[in-house]
$ cat query_29.txt   # compact mmCIF, C-alpha atoms
# COMPACT_ATOMS: atom_id res chain seq x y z
CA MET A 1414 -24.04 -14.83 -10.53
CA GLY A 1415 -22.19 -12.31 -12.66
CA ASP A 1416 -21.62 -8.82 -11.29
CA LEU A 1417 -24.99 -8.55 -9.54
CA LYS A 1418 -24.55 -8.63 -5.79
CA LEU A 1419 -27.53 -10.34 -4.20
CA PRO A 1420 -28.77 -9.31 -0.74
CA LEU A 1421 -27.59 -11.59 2.04
CA GLY A 1422 -30.62 -11.27 4.25
CA SER A 1423 -30.76 -11.53 8.01
CA SER A 1424 -28.82 -14.04 10.10
CA ILE A 1425 -30.93 -13.51 13.23
CA HIS A 1426 -33.61 -15.98 14.31
CA VAL A 1427 -33.69 -17.88 11.03
CA PRO A 1428 -33.64 -21.68 10.49
CA TRP A 1429 -30.40 -23.47 9.71
CA TRP A 1430 -31.17 -23.90 6.01
CA MET A 1431 -31.50 -20.14 5.60
CA LEU A 1432 -28.19 -19.61 7.38
CA HIS A 1433 -26.73 -22.24 5.05
CA ALA A 1434 -28.07 -20.43 1.97
CA ARG A 1435 -26.75 -17.11 3.26
CA ALA A 1436 -23.28 -18.55 3.86
CA ALA A 1437 -23.30 -20.19 0.41
CA LEU A 1438 -24.16 -16.81 -1.11
CA VAL A 1439 -21.20 -15.25 0.70
CA GLU A 1440 -18.90 -17.91 -0.75
CA ALA A 1441 -20.30 -17.50 -4.26
CA GLN A 1442 -20.01 -13.72 -4.45
CA ALA A 1443 -17.08 -13.07 -2.12
CA ASP A 1444 -15.37 -10.97 -4.80
CA LEU A 1445 -18.31 -8.55 -4.80
CA ILE A 1446 -18.23 -7.96 -1.05
CA GLY A 1447 -16.39 -4.89 0.23
CA ASP A 1448 -13.45 -5.32 2.58
CA GLU A 1449 -15.21 -3.84 5.61
CA MET A 1450 -18.21 -6.12 5.19
CA ALA A 1451 -15.92 -9.07 4.45
CA SER A 1452 -14.12 -8.52 7.74
CA THR A 1453 -17.43 -8.39 9.61
CA LEU A 1454 -18.67 -11.54 7.88
CA LEU A 1455 -15.41 -13.34 8.63
CA VAL A 1456 -15.95 -12.81 12.35
CA GLU A 1457 -19.58 -13.90 12.10
CA LEU A 1458 -18.85 -17.01 10.04
CA THR A 1459 -15.91 -18.05 12.21
CA ALA A 1460 -18.13 -17.78 15.28
CA LEU A 1461 -20.83 -19.88 13.61
CA ALA A 1462 -18.27 -22.50 12.58
CA GLU A 1463 -16.97 -22.62 16.14
CA ARG A 1464 -20.48 -23.10 17.52
CA GLY A 1465 -21.21 -25.76 14.92
CA ARG A 1466 -18.11 -27.71 15.84
CA ALA A 1467 -19.05 -27.48 19.50
CA GLY A 1468 -22.52 -28.87 18.75
CA GLU A 1469 -24.24 -25.62 19.68
CA LEU A 1470 -25.99 -25.04 16.32
CA VAL A 1471 -29.19 -26.55 15.02
CA ASP A 1472 -27.83 -28.25 11.91
CA SER A 1473 -28.64 -31.00 9.43
CA PRO A 1474 -27.70 -34.60 10.29
CA PHE A 1475 -24.74 -34.23 7.92
CA HIS A 1476 -23.56 -30.91 9.42
CA ASN A 1477 -24.20 -29.05 6.16
CA LEU A 1478 -24.41 -25.68 7.89
CA THR A 1479 -21.16 -26.15 9.80
CA HIS A 1480 -19.31 -27.24 6.66
CA GLN A 1481 -20.71 -24.34 4.63
CA VAL A 1482 -19.90 -21.60 7.13
CA THR A 1483 -16.39 -23.05 7.39
CA ARG A 1484 -15.93 -22.87 3.61
CA SER A 1485 -17.34 -19.35 3.50
CA ALA A 1486 -15.07 -18.18 6.31
CA CYS A 1487 -12.07 -19.64 4.48
CA VAL A 1488 -12.97 -17.73 1.32
CA LEU A 1489 -12.83 -14.51 3.35
CA ALA A 1490 -9.83 -15.57 5.43
CA ALA A 1491 -7.48 -12.98 3.96
CA ARG A 1492 -10.01 -10.14 3.98
CA GLY A 1493 -9.94 -9.46 7.71
CA THR A 1494 -7.24 -8.51 10.17
CA PRO A 1495 -4.26 -10.78 10.91
CA GLU A 1496 -5.88 -11.58 14.25
CA GLN A 1497 -9.10 -12.67 12.56
CA SER A 1498 -7.15 -14.83 10.12
CA LEU A 1499 -5.25 -16.47 12.96
CA ALA A 1500 -8.52 -17.11 14.80
CA LEU A 1501 -9.74 -19.06 11.79
CA LEU A 1502 -6.50 -21.04 11.57
CA ASP A 1503 -6.78 -21.83 15.28
CA LEU A 1504 -10.34 -23.05 14.73
CA LEU A 1505 -9.19 -25.35 11.93
CA ALA A 1506 -6.12 -26.68 13.75
CA PRO A 1507 -7.92 -29.88 14.91
CA ASP A 1508 -8.49 -30.77 11.24
CA VAL A 1509 -4.76 -31.27 10.63
CA PRO A 1510 -4.05 -34.56 12.50
CA ARG A 1511 -5.41 -37.57 10.64
CA GLY A 1512 -4.90 -41.21 9.90
CA PRO A 1513 -3.70 -42.66 6.59
CA ASN A 1514 -5.88 -41.73 3.61
CA GLN A 1515 -8.22 -39.72 5.82
CA TYR A 1516 -10.06 -36.73 4.36
CA ARG A 1517 -11.48 -33.70 6.15
CA HIS A 1518 -14.36 -31.69 4.76
CA SER A 1519 -12.36 -28.51 5.30
CA ASP A 1520 -9.22 -29.67 3.47
CA ASP A 1521 -9.64 -27.75 0.21
CA CYS A 1522 -10.78 -24.44 1.66
CA HIS A 1523 -8.35 -24.76 4.59
CA ALA A 1524 -5.36 -25.12 2.26
CA ALA A 1525 -6.50 -22.28 0.00
CA ALA A 1526 -7.01 -20.04 3.03
CA CYS A 1527 -3.43 -20.68 4.14
CA VAL A 1528 -2.02 -19.34 0.87
CA ALA A 1529 -4.40 -16.37 0.84
CA ILE A 1530 -3.53 -15.45 4.44
CA ALA A 1531 0.20 -15.74 3.74
CA LYS A 1532 -0.14 -13.35 0.80
CA ALA A 1533 -2.35 -10.83 2.59
CA HIS A 1534 -0.68 -10.75 6.00
CA PRO A 1535 3.13 -10.97 5.88
CA ASP A 1536 3.36 -10.90 9.68
CA VAL A 1537 1.61 -14.27 9.92
CA ALA A 1538 2.82 -15.68 6.60
CA MET A 1539 5.11 -18.26 8.19
CA LYS A 1540 2.31 -19.57 10.41
CA ALA A 1541 -0.01 -19.87 7.42
CA LEU A 1542 2.57 -21.61 5.24
CA THR A 1543 3.55 -23.91 8.10
CA ARG A 1544 -0.10 -24.94 8.32
CA LEU A 1545 -0.16 -25.53 4.55
CA PHE A 1546 2.78 -27.90 4.87
CA ASP A 1547 1.22 -29.58 7.91
CA LEU A 1548 -1.81 -30.36 5.75
CA ALA A 1549 0.39 -31.53 2.89
CA GLU A 1550 2.34 -33.87 5.16
CA GLY A 1551 -0.99 -35.33 6.26
CA GLY A 1552 -1.79 -36.11 2.63
CA ALA A 1553 -4.39 -33.40 1.97
CA GLN A 1554 -4.43 -33.32 -1.83
CA LYS A 1555 -5.34 -29.65 -2.20
CA ALA A 1556 -2.44 -28.67 0.04
CA LEU A 1557 -0.06 -30.81 -2.02
CA GLU A 1558 -1.33 -29.16 -5.19
CA LEU A 1559 -0.85 -25.69 -3.72
CA VAL A 1560 2.70 -26.49 -2.65
CA VAL A 1561 3.59 -26.73 -6.36
CA ASP A 1562 1.53 -23.65 -7.27
CA ASP A 1563 3.55 -20.91 -8.96
CA GLU A 1564 3.03 -18.48 -6.08
CA VAL A 1565 4.37 -20.86 -3.45
CA ILE A 1566 7.17 -22.27 -5.59
CA SER A 1567 8.41 -18.82 -6.61
CA LEU A 1568 8.51 -17.93 -2.93
CA LEU A 1569 10.46 -21.02 -1.90
CA ALA A 1570 12.99 -20.85 -4.73
CA ALA A 1571 16.29 -19.29 -3.77
CA ARG A 1572 16.05 -15.52 -4.13
CA HIS A 1573 18.86 -15.35 -6.68
CA GLU A 1574 17.12 -18.00 -8.81
CA ARG A 1575 13.76 -16.21 -9.07
CA ALA A 1576 13.01 -14.98 -12.55
CA GLU A 1577 10.65 -12.34 -11.18
CA PRO A 1578 9.06 -11.32 -7.87
CA VAL A 1579 5.97 -13.05 -6.55
CA LYS A 1580 3.09 -11.28 -8.26
CA GLY A 1581 0.59 -9.35 -6.18
CA SER A 1582 2.46 -9.78 -2.93
CA ASP A 1583 5.59 -8.71 -1.07
CA LEU A 1584 5.57 -12.10 0.62
CA SER A 1585 8.95 -13.03 -0.83
CA ASP A 1586 10.58 -10.36 1.34
CA SER A 1587 8.47 -10.95 4.45
CA LEU A 1588 10.04 -14.27 5.44
CA ALA A 1589 13.49 -14.64 6.89
CA GLU A 1590 15.94 -16.80 4.99
CA GLU A 1591 15.86 -19.37 7.80
CA ASP A 1592 12.08 -19.63 7.38
CA LEU A 1593 12.51 -20.28 3.66
CA ILE A 1594 15.17 -22.90 4.37
CA GLU A 1595 12.80 -24.64 6.79
CA LEU A 1596 10.01 -24.70 4.21
CA ARG A 1597 12.35 -26.01 1.51
CA THR A 1598 13.42 -28.75 3.91
CA ARG A 1599 9.79 -29.68 4.36
CA VAL A 1600 9.41 -29.97 0.59
CA GLY A 1601 12.20 -32.54 0.73
CA ARG A 1602 10.42 -34.43 3.49
CA LEU A 1603 7.23 -34.52 1.44
CA ASN A 1604 9.20 -36.00 -1.43
CA ASP A 1605 11.00 -38.50 0.80
CA GLY A 1606 7.57 -39.61 2.01
CA GLY A 1607 6.46 -40.27 -1.56
CA LEU A 1608 3.54 -37.84 -1.36
CA TYR A 1609 1.59 -36.68 -4.41
CA LEU A 1610 3.39 -34.03 -6.54
CA ALA A 1611 6.16 -33.69 -3.95
CA ASP A 1612 8.77 -34.79 -6.49
CA VAL A 1613 7.66 -31.94 -8.75
CA ALA A 1614 7.91 -29.45 -5.89
CA ARG A 1615 11.40 -30.62 -4.99
CA ALA A 1616 12.56 -30.40 -8.59
CA LEU A 1617 11.33 -26.82 -8.79
CA VAL A 1618 12.65 -25.71 -5.41
CA ASP A 1619 15.95 -27.63 -5.39
CA PRO A 1620 16.85 -28.62 -8.96
CA GLY A 1621 20.41 -29.47 -7.94
CA ASN A 1622 19.32 -32.11 -5.43
CA ALA A 1623 20.97 -35.49 -6.07
CA ALA A 1624 17.66 -37.38 -6.12
CA VAL A 1625 16.15 -34.83 -8.52
CA ARG A 1626 19.11 -35.08 -10.88
CA LYS A 1627 19.00 -38.88 -10.77
CA ARG A 1628 15.30 -38.95 -11.71
CA ALA A 1629 15.94 -36.45 -14.50
CA GLU A 1630 18.75 -38.59 -15.90
CA GLN A 1631 16.58 -41.71 -15.74
CA ALA A 1632 13.77 -39.88 -17.55
CA ARG A 1633 16.22 -38.66 -20.20
CA ASP A 1634 17.49 -42.20 -20.73
CA ARG A 1635 13.96 -43.55 -21.13
CA ILE A 1636 13.19 -40.89 -23.73
CA VAL A 1637 16.42 -41.47 -25.66
CA GLN A 1638 16.03 -45.25 -25.58
CA ARG A 1639 12.38 -45.22 -26.56
CA PRO A 1640 11.88 -47.62 -29.50
CA ASP A 1641 10.84 -46.29 -32.87
CA PRO A 1642 7.10 -46.42 -33.60
CA GLU A 1643 5.77 -49.48 -35.41
CA PRO A 1644 3.06 -49.12 -38.06
CA GLY A 1645 -0.26 -50.50 -36.85
CA HIS A 1646 0.95 -50.82 -33.25
CA ALA A 1647 -0.35 -48.68 -30.38
CA GLU A 1648 0.49 -48.61 -26.67
CA PHE A 1649 -1.27 -47.24 -23.64
CA GLY A 1650 0.30 -45.96 -20.45
CA THR A 1651 3.41 -44.45 -22.02
CA SER A 1652 5.60 -42.41 -19.67
CA LEU A 1653 6.81 -40.12 -22.44
CA VAL A 1654 4.75 -37.11 -21.32
CA PRO A 1655 5.68 -37.18 -17.61
CA ASP A 1656 9.29 -38.00 -18.48
CA SER A 1657 9.51 -34.96 -20.72
$ encode --input "query_29.txt" --output "structure tokens"
Amino acid sequence: MGDLKLPLGSSIHVPWWMLHARAALVEAQADLIGDEMASTLLVELTALAERGRAGELVDSPFHNLTHQVTRSACVLAARGTPEQSLALLDLLAPDVPRGPNQYRHSDDCHAAACVAIAKAHPDVAMKALTRLFDLAEGGAQKALELVVDDEVISLLAARHERAEPVKGSDLSDSLAEEDLIELRTRVGRLNDGGLYLADVARALVDPGNAAVRKRAEQARDRIVQRPDPEPGHAEFGTSLVPDS
């Protein structure tokens, strides 16, 4: 949509598909919305999501409106007050428990909102990051990907090992050392559980860990012992890239 901010239109006495379109527009041009309006919309969208989850909204059979207002609220999660951000996290709390290989429609936006809230509101950063790790332990792929994101990893690394401060945030100084230790421990639990990318996170957060060093040595040995290439012979599925 470029830099042209489109009018949102009214949210009063309109059918669900118009509310859906309005919420989708908020999500698409969130960066063009001023902070004051973003805070107002966050309250409105959170209330709509709450009503949708309670079955109080006229919605499509597939709950398109409820899912959309949830995504839109998550996009604005860090633009309101800490209390508004916590209200959204409270609303999404039932989406954390799950069975094996179970996906929630809110997983991606929920995880992204946790990181955004942690960066914007240092006072509730630990709650937001705890939720991120709760999602990761449940196997939410987006949460696992964000755990190895530069912003989160640079936060969790020991302060004396950081090459530079976390960009765009004073989050690194807003958490007590015991909070950071707890989060690093949770990285280890993710890895012990064999979850996606958790081995990468552990290697970045705790490079001296015995399991990390053992895997690194095994990867080194595989690279060193790799046979010389043979003319006219090709292989698929080589582990050379991940080993390196």
$ closest_residue --input "query_29.txt" --among "A:Ala1434, A:Ala1443, A:Leu1505, A:Ala1589" --to "Leu1478 (chain A)" --atoms "all atoms listed in the file"
A:Ala1434
$ axis_aligned_box --input "query_29.txt" --around "region 1422-1435 of chain A" --padding-each-side "4 Å" --output "JSON"
{"center_x": -30.2, "center_y": -17.6, "center_z": 8.1, "size_x": 15.0, "size_y": 20.6, "size_z": 20.3}
$ atom_distance --input "query_29.txt" --atom1 "CA of Asp1547 (chain A)" --atom2 "CA of Val1509 (chain A)"
6.8 Å
$ atom_distance --input "query_29.txt" --atom1 "CA of Thr1479 (chain A)" --atom2 "CA of Gly1465 (chain A)"
5.1 Å
$ closest_residue --input "query_29.txt" --among "A:Pro1510, A:Ala1629, A:Gln1554, A:Ala1549" --to "Asn1604 (chain A)" --atoms "all atoms listed in the file"
A:Ala1549
$ closest_residue --input "query_29.txt" --among "A:Ala1611, A:Arg1492, A:Ala1486, A:Gly1551" --to "Gly1512 (chain A)" --atoms "only C-alpha atoms"
A:Gly1551
$ closest_residue --input "query_29.txt" --among "A:Val1600, A:Leu1438, A:Ile1425, A:Ile1446" --to "Asp1619 (chain A)" --atoms "only C-alpha atoms"
A:Val1600
$ residues_around --input "query_29.txt" --residues "Tyr1609 (chain A)" --least-positions-apart "3" --cutoff "8 Å" --atoms "all atoms listed in the file" --output "number ranges by chain"
A: 1552, 1554, 1557, 1612
$ build_atoms --input "query_29.txt" --residues "region 1545-1576 of chain A" --atoms "N, CA and C atoms" --output "tab-separated table (two decimals), in the coordinates of the input"
chain	number	residue	atom	x	y	z
A	1545	LEU	N	-0.02	-24.93	5.87
A	1545	LEU	CA	-0.16	-25.53	4.55
A	1545	LEU	C	0.69	-26.80	4.45
A	1546	PHE	N	1.91	-26.73	4.93
A	1546	PHE	CA	2.78	-27.90	4.87
A	1546	PHE	C	2.35	-28.98	5.85
A	1547	ASP	N	1.77	-28.59	6.98
A	1547	ASP	CA	1.22	-29.58	7.91
A	1547	ASP	C	0.12	-30.39	7.21
A	1548	LEU	N	-0.74	-29.68	6.49
A	1548	LEU	CA	-1.81	-30.36	5.75
A	1548	LEU	C	-1.23	-31.25	4.66
A	1549	ALA	N	-0.22	-30.74	3.97
A	1549	ALA	CA	0.39	-31.53	2.89
A	1549	ALA	C	1.03	-32.80	3.44
A	1550	GLU	N	1.71	-32.69	4.58
A	1550	GLU	CA	2.34	-33.87	5.16
A	1550	GLU	C	1.30	-34.89	5.61
A	1551	GLY	N	0.09	-34.42	5.91
A	1551	GLY	CA	-0.99	-35.33	6.26
A	1551	GLY	C	-1.64	-35.97	5.05
A	1552	GLY	N	-1.25	-35.52	3.85
A	1552	GLY	CA	-1.79	-36.11	2.63
A	1552	GLY	C	-2.98	-35.38	2.05
A	1553	ALA	N	-3.28	-34.17	2.53
A	1553	ALA	CA	-4.39	-33.40	1.97
A	1553	ALA	C	-4.04	-33.00	0.53
A	1554	GLN	N	-4.81	-33.49	-0.43
A	1554	GLN	CA	-4.43	-33.32	-1.83
A	1554	GLN	C	-4.38	-31.86	-2.26
A	1555	LYS	N	-5.34	-31.06	-1.81
A	1555	LYS	CA	-5.34	-29.65	-2.20
A	1555	LYS	C	-4.09	-28.95	-1.70
A	1556	ALA	N	-3.66	-29.28	-0.50
A	1556	ALA	CA	-2.44	-28.67	0.04
A	1556	ALA	C	-1.23	-29.08	-0.79
A	1557	LEU	N	-1.17	-30.35	-1.18
A	1557	LEU	CA	-0.06	-30.81	-2.02
A	1557	LEU	C	-0.07	-30.11	-3.37
A	1558	GLU	N	-1.25	-29.87	-3.91
A	1558	GLU	CA	-1.33	-29.16	-5.19
A	1558	GLU	C	-0.88	-27.71	-5.04
A	1559	LEU	N	-1.23	-27.09	-3.93
A	1559	LEU	CA	-0.85	-25.69	-3.72
A	1559	LEU	C	0.64	-25.54	-3.44
A	1560	VAL	N	1.26	-26.56	-2.89
A	1560	VAL	CA	2.70	-26.49	-2.65
A	1560	VAL	C	3.46	-26.33	-3.97
A	1561	VAL	N	2.92	-26.88	-5.06
A	1561	VAL	CA	3.59	-26.73	-6.36
A	1561	VAL	C	2.98	-25.59	-7.18
A	1562	ASP	N	2.09	-24.81	-6.58
A	1562	ASP	CA	1.53	-23.65	-7.27
A	1562	ASP	C	2.63	-22.61	-7.50
A	1563	ASP	N	2.51	-21.87	-8.59
A	1563	ASP	CA	3.55	-20.91	-8.96
A	1563	ASP	C	3.85	-19.93	-7.83
A	1564	GLU	N	2.82	-19.47	-7.12
A	1564	GLU	CA	3.03	-18.48	-6.08
A	1564	GLU	C	3.88	-19.03	-4.94
A	1565	VAL	N	3.61	-20.27	-4.54
A	1565	VAL	CA	4.37	-20.86	-3.45
A	1565	VAL	C	5.77	-21.25	-3.91
A	1566	ILE	N	5.87	-21.84	-5.09
A	1566	ILE	CA	7.17	-22.27	-5.59
A	1566	ILE	C	8.09	-21.07	-5.81
A	1567	SER	N	7.56	-19.99	-6.37
A	1567	SER	CA	8.41	-18.82	-6.61
A	1567	SER	C	8.88	-18.21	-5.30
A	1568	LEU	N	8.10	-18.40	-4.25
A	1568	LEU	CA	8.51	-17.93	-2.93
A	1568	LEU	C	9.64	-18.79	-2.38
A	1569	LEU	N	9.51	-20.11	-2.53
A	1569	LEU	CA	10.46	-21.02	-1.90
A	1569	LEU	C	11.77	-21.12	-2.66
A	1570	ALA	N	11.75	-20.80	-3.96
A	1570	ALA	CA	12.99	-20.85	-4.73
A	1570	ALA	C	13.99	-19.85	-4.15
A	1571	ALA	N	15.25	-20.19	-4.26
A	1571	ALA	CA	16.29	-19.29	-3.77
A	1571	ALA	C	16.11	-17.92	-4.41
A	1572	ARG	N	16.32	-16.87	-3.64
A	1572	ARG	CA	16.05	-15.52	-4.13
A	1572	ARG	C	16.82	-15.21	-5.40
A	1573	HIS	N	18.07	-15.68	-5.49
A	1573	HIS	CA	18.86	-15.35	-6.68
A	1573	HIS	C	18.43	-16.15	-7.90
A	1574	GLU	N	17.58	-17.18	-7.69
A	1574	GLU	CA	17.12	-18.00	-8.81
A	1574	GLU	C	15.76	-17.55	-9.33
A	1575	ARG	N	15.09	-16.62	-8.65
A	1575	ARG	CA	13.76	-16.21	-9.07
A	1575	ARG	C	13.84	-15.38	-10.34
A	1576	ALA	N	13.04	-15.74	-11.31
A	1576	ALA	CA	13.01	-14.98	-12.55
A	1576	ALA	C	12.35	-13.64	-12.35
